[in-house]
Number of protein chains: 2
Amino acid sequence: MRASKRDEVVRKALTVFYRDGFHATGMDQLSAESGISKTTMFKHFRTKEDLILAVLRLRDDDFRNWLFRRMAKAGAPRDQLAAMFDALAEWFDSPTFRSCMFIKAASEYPDPGHPIHAQSAEHKRLLFLGVRDLAAEAGAPDPAGLARALLLLKEGAIVTAHLGHEADPAGDAKRVAEGLLASLPDRARAPREAAAADGEAR
Amino acid sequence: MRASKRDEVVRKALTVFYRDGFHATGMDQLSAESGISKTTMFKHFRTKEDLILAVLRLRDDDFRNWLFRRMAKAGAPRDQLAAMFDALAEWFDSPTFRSCMFIKAASEYPDPGHPIHAQSAEHKRLLFLGVRDLAAEAGAPDPAGLARALLLLKEGAIVTAHLGHEADPAGDAKRVAEGLLASLPDRARAPREAAAADGEAR
DNA sequence: TCCAATCTGTACTGATCTGTTCACCTTGTG
DNA sequence: CACAAGGTGAACAGATCAGTACAGATTGGA
């Protein structure tokens with residue numbers, strides 16, 4: 001109950017920034033929409049930039065938790081990697097979907113040296129680490145390379161879902177991803193044999 | 001000389017919007033940086049939004065011309081498709097690279113019904129049509145599907161080049177793309193056969 | 001030389017921006 | 001009850017926003 005006002009501000013700011021953009025959203029509007037006085041907002045956050053950074057931290061946490069838990073349900077590491085694109089499909093279908101918060105943040109703060117840009121990049125790095133670890137668990141000979149490829153497809157699907165005319169970018173991405181995952185050691189086959197086959201495919 | 005002032009405004013606005021963002025760039029600043037009076041700017045463009053739309057039209061033209069000409073140098077359609085990622089690599093290496101202007105525009109104007117958003121989507125559609133035609137010429141059994149896959153990789157590479165920590169997203173994307181292109185009719189084999197496939201694809 | 005079009009500088013409007021100030025209210029705890 | 005912490009509303013500062021008004025300068029062509 002004590003620290004909840006601060007969280008309330010961040011939660012509400014998250015949805016409004018995500019919906020309308022960072023520059024386009026004023027602190028007055030944020031105060032009006034959240035029902036929290038501007039005085040209080042500026043008591044918790046010295047500047048708008050500080051608030052945005054807090055929003056991005058929350059989003060990073062929420063998103064990575066949601067995604068990896070959603071993927072974990074798929075079972076085996078290989079299937080978890082494929083399930084990333086099923087998760088994306090669900091996300092894209094949501095009526096509130098408006099691209100990736102961090103791509104948007106980096107678009108509005110394009111200078112790589114800006115704290116908001118840097119923190120957005122950090123989110124992508126953490127995502128990469130998670131996917132790379134899964135790729136390693138799945139027995140990929142080059143886990144980092146596979147993770148980079150899968151995340152390329154993920155980012156492309158997000159952008160295309162927001163900006164494209166296409167029906168099912170998550171499905172398209174999953175199809176390509178399945179091709180990349182096909183060379184991984186199959187659960188059905190012997191892990192050693194599959195690793196050998198994978199080795200010569202590269 | 002007559003219509004050149006208008007073009008000057010658009011050209012300069014393009015570089016500043018691209019560098020700093022749309023909302024973050026004021027008309028006063030634009031006037032100061034371009035050396036063109038605000039009066040003149042508002043004589044040519046009734047509103048800032050009109051100017052942005054003109055900027056996006058110019059960018060669409062410039063970018064598609066640059067990309068497809070750069071790709072055309074590669075020769076055969078299949079190689080042209082692969083060369084898209086070499087073009088991206090060059091672009092990413094440019095010191096002024098700051099992601100894709102249309103992804104940025106869509107980020108700042110996230111409502112799909114907004115004219116700026118719609119025009120950004122149109123750019124992606126035109127790109128898709130060009131790549132799909134090339135895929136057809138290359139003899140792809142599903143040109144649209146191949147084009148969607150390649151463009152997913154392209155968008156992902158752009159975002160990652162801007163936001164990521166990675167060394168060579170264009171190279172990563174190209175590696176995956178080569179895998180997709182591997183199943184196309186080989187140049188070494190019957191070129192007539194490929195040409196025939198091309199003929200019927202059109 | 002004169003005309004007409006275009007461009008310029010400056011000052012202005014009214015709205016909105018981030019951030020501050022201040023007096024007052026609410027609420028939980030001792 | 002009293003106190004302290006935290007929240008409120010409203011007004012304010014100073015900058016900046018998109019867009020306008022207007023009088024004068026520049027330019028090219030007949």
# chains A, B, ... in the order shown; residues from 1 in each chain; ligands from 1

call {"tool": "interface_residues", "arguments": {"of": "chain C", "to": "chain A", "cutoff": "10 Å", "atoms": "only C-alpha atoms (C1' of nucleotides)", "output": "PyMOL selection string"}}
result
chain C and resi 16-20

call {"tool": "write_last_selection", "arguments": {"atoms": "C-alpha atoms (C1' of nucleotides)", "output": "tab-separated table (two decimals), in the first residue's frame"}}
result
chain	number	residue	atom	x	y	z
C	16	DT	C1'	1.40	22.67	-24.63
C	17	DC	C1'	5.72	21.21	-22.69
C	18	DT	C1'	8.56	19.87	-18.25
C	19	DG	C1'	9.06	20.99	-13.80
C	20	DT	C1'	8.10	23.86	-9.31

call {"tool": "calpha_fit_rmsd", "arguments": {"fixed": "chain B", "moving": "chain A"}}
result
3.2 Å

call {"tool": "residues_around", "arguments": {"residues": "region 148-156 of chain B", "least_positions_apart": "4", "cutoff": "10 Å", "atoms": "only C-alpha atoms (C1' of nucleotides)", "output": "VMD selection string"}}
result
(chain A and resid 149 to 160 166 168 to 170 172 to 176) or (chain B and resid 81 to 82 84 to 85 88 99 to 100 103 124 127 to 129 131 to 132 135 143 to 144 160 to 161 169 to 170 172 to 174 176 to 178 180 to 181)

call {"tool": "interface_residues", "arguments": {"of": "chain A", "to": "chain D", "cutoff": "9 Å", "atoms": "only C-alpha atoms (C1' of nucleotides)", "output": "list in words"}}
result
Arg2, Ile36, Ser37, Thr39 and Thr40 of chain A

call {"tool": "write_last_selection", "arguments": {"atoms": "N, CA and C atoms", "output": "compact mmCIF listing (two decimals), in the first residue's frame"}}
result
# COMPACT_ATOMS: atom_id res chain seq x y z
N ARG A 2 2.05 1.14 0.59
CA ARG A 2 2.95 2.29 0.72
C ARG A 2 3.59 2.70 -0.61
N ILE A 36 -3.45 10.30 -10.81
CA ILE A 36 -2.42 10.58 -9.80
C ILE A 36 -1.85 11.97 -10.07
N SER A 37 -1.76 12.73 -9.01
CA SER A 37 -1.39 14.14 -9.21
C SER A 37 0.04 14.28 -9.74
N THR A 39 2.17 16.39 -8.93
CA THR A 39 3.09 16.59 -7.80
C THR A 39 3.67 15.26 -7.34
N THR A 40 2.79 14.28 -7.18
CA THR A 40 3.24 12.96 -6.73
C THR A 40 4.16 12.31 -7.76

call {"tool": "closest_residue", "arguments": {"among": "A:Ala87, A:Lys12, A:Ala118, A:Phe45", "to": "Phe63 (chain A)", "atoms": "only C-alpha atoms"}}
result
A:Ala87

call {"tool": "select_by_dssp", "arguments": {"residues": "region 4-178 of chain A", "states": "alpha helix (DSSP H)", "output": "PyMOL selection string"}}
result
chain A and resi 4-20+27-34+38-44+48-72+77-93+101-108+115-137+143-163+169-178

call {"tool": "write_last_selection", "arguments": {"atoms": "C-alpha atoms", "output": "compact mmCIF listing (two decimals), in the first residue's frame"}}
result
# COMPACT_ATOMS: atom_id res chain seq x y z
CA SER A 4 2.01 1.24 -4.56
CA LYS A 5 1.46 4.77 -5.82
CA ARG A 6 4.82 4.71 -7.47
CA ASP A 7 4.03 1.39 -9.10
CA GLU A 8 0.66 2.71 -10.19
CA VAL A 9 2.33 5.58 -11.99
CA VAL A 10 4.76 3.27 -13.75
CA ARG A 11 2.05 0.80 -14.74
CA LYS A 12 -0.19 3.47 -16.18
CA ALA A 13 2.68 5.25 -17.89
CA LEU A 14 3.63 1.94 -19.50
CA THR A 15 0.30 1.51 -21.19
CA VAL A 16 0.03 5.13 -22.31
CA PHE A 17 3.60 5.41 -23.58
CA TYR A 18 3.18 2.13 -25.39
CA ARG A 19 -0.09 3.21 -26.95
CA ASP A 20 0.73 6.80 -27.88
CA MET A 27 3.08 14.48 -18.00
CA ASP A 28 -0.21 16.35 -17.61
CA GLN A 29 -1.99 13.79 -19.74
CA LEU A 30 -0.35 11.01 -17.77
CA SER A 31 -1.54 12.59 -14.54
CA ALA A 32 -5.06 12.98 -15.87
CA GLU A 33 -5.27 9.41 -17.19
CA SER A 34 -3.79 7.80 -14.10
CA LYS A 38 1.52 15.58 -11.10
CA THR A 39 3.09 16.59 -7.80
CA THR A 40 3.24 12.96 -6.73
CA MET A 41 4.63 11.83 -10.05
CA PHE A 42 7.47 14.30 -9.84
CA LYS A 43 8.07 13.32 -6.23
CA HIS A 44 8.76 9.74 -7.33
CA LYS A 48 10.19 12.37 -17.35
CA GLU A 49 13.27 10.52 -18.50
CA ASP A 50 13.57 8.84 -15.10
CA LEU A 51 9.97 7.71 -15.40
CA ILE A 52 10.58 6.33 -18.87
CA LEU A 53 13.58 4.40 -17.64
CA ALA A 54 11.48 2.92 -14.83
CA VAL A 55 8.79 2.01 -17.36
CA LEU A 56 11.36 0.25 -19.52
CA ARG A 57 12.70 -1.69 -16.55
CA LEU A 58 9.20 -2.89 -15.75
CA ARG A 59 8.52 -3.78 -19.34
CA ASP A 60 11.77 -5.69 -19.62
CA ASP A 61 10.86 -7.72 -16.57
CA ASP A 62 7.26 -8.33 -17.62
CA PHE A 63 8.09 -9.22 -21.17
CA ARG A 64 10.95 -11.59 -20.52
CA ASN A 65 9.00 -13.33 -17.79
CA TRP A 66 5.97 -13.71 -19.98
CA LEU A 67 7.91 -14.91 -23.00
CA PHE A 68 10.17 -17.43 -21.31
CA ARG A 69 7.39 -18.84 -19.17
CA ARG A 70 5.22 -19.17 -22.22
CA MET A 71 8.07 -20.93 -24.02
CA ALA A 72 8.85 -23.17 -21.06
CA PRO A 77 14.50 -26.83 -25.33
CA ARG A 78 14.13 -27.30 -29.07
CA ASP A 79 10.36 -27.02 -28.79
CA GLN A 80 10.69 -24.04 -26.50
CA LEU A 81 12.63 -22.22 -29.19
CA ALA A 82 9.93 -22.98 -31.73
CA ALA A 83 7.25 -21.93 -29.25
CA MET A 84 8.70 -18.45 -29.16
CA PHE A 85 6.89 -17.82 -32.42
CA ASP A 86 3.62 -19.17 -31.09
CA ALA A 87 3.96 -16.70 -28.24
CA LEU A 88 4.56 -13.95 -30.77
CA ALA A 89 1.45 -14.94 -32.70
CA GLU A 90 -0.65 -14.59 -29.56
CA TRP A 91 0.90 -11.24 -28.79
CA PHE A 92 0.27 -9.95 -32.31
CA ASP A 93 -3.35 -10.98 -32.04
CA MET A 101 8.24 -1.04 -26.65
CA PHE A 102 12.03 -1.07 -26.97
CA ILE A 103 12.08 -0.68 -30.73
CA LYS A 104 9.77 2.27 -30.22
CA ALA A 105 11.96 3.72 -27.49
CA ALA A 106 15.05 3.36 -29.64
CA SER A 107 13.18 4.99 -32.51
CA GLU A 108 12.29 8.01 -30.43
CA PRO A 115 20.25 6.26 -21.56
CA ILE A 116 16.85 5.27 -22.92
CA HIS A 117 18.42 3.84 -26.04
CA ALA A 118 21.07 2.05 -24.03
CA GLN A 119 18.50 0.50 -21.73
CA SER A 120 16.48 -0.71 -24.70
CA ALA A 121 19.59 -2.34 -26.10
CA GLU A 122 20.13 -4.00 -22.75
CA HIS A 123 16.71 -5.63 -22.98
CA LYS A 124 17.62 -7.12 -26.33
CA ARG A 125 20.88 -8.37 -24.88
CA LEU A 126 19.11 -10.11 -22.00
CA LEU A 127 16.69 -11.72 -24.42
CA PHE A 128 19.62 -12.92 -26.46
CA LEU A 129 21.28 -14.49 -23.44
CA GLY A 130 18.10 -16.39 -22.58
CA VAL A 131 17.62 -17.71 -26.10
CA ARG A 132 21.29 -18.57 -26.43
CA ASP A 133 21.14 -20.65 -23.26
CA LEU A 134 18.12 -22.49 -24.58
CA ALA A 135 19.89 -23.10 -27.86
CA ALA A 136 22.82 -24.54 -25.95
CA GLU A 137 20.48 -26.81 -23.98
CA PRO A 143 24.15 -21.58 -29.70
CA ALA A 144 24.93 -17.89 -30.07
CA GLY A 145 24.63 -18.07 -33.85
CA LEU A 146 21.31 -19.89 -33.65
CA ALA A 147 20.03 -17.41 -31.08
CA ARG A 148 21.03 -14.49 -33.28
CA ALA A 149 19.22 -16.03 -36.24
CA LEU A 150 16.06 -16.75 -34.26
CA LEU A 151 16.00 -13.28 -32.77
CA LEU A 152 16.45 -11.74 -36.21
CA LEU A 153 13.26 -13.53 -37.17
CA LYS A 154 11.56 -12.41 -33.98
CA GLU A 155 12.37 -8.72 -34.47
CA GLY A 156 11.41 -8.90 -38.11
CA ALA A 157 8.09 -10.49 -37.23
CA ILE A 158 7.32 -7.81 -34.65
CA VAL A 159 8.04 -4.97 -37.03
CA THR A 160 6.10 -6.62 -39.81
CA ALA A 161 3.14 -7.34 -37.57
CA HIS A 162 2.95 -3.68 -36.71
CA LEU A 163 3.75 -2.18 -40.07
CA PRO A 169 4.33 -12.85 -39.78
CA ALA A 170 4.73 -15.03 -36.69
CA GLY A 171 3.82 -18.06 -38.76
CA ASP A 172 6.21 -17.05 -41.51
CA ALA A 173 8.97 -16.59 -38.98
CA LYS A 174 8.20 -19.91 -37.35
CA ARG A 175 8.45 -21.72 -40.69
CA VAL A 176 11.94 -20.33 -41.27
CA ALA A 177 12.86 -21.05 -37.68
CA GLU A 178 11.76 -24.67 -37.99
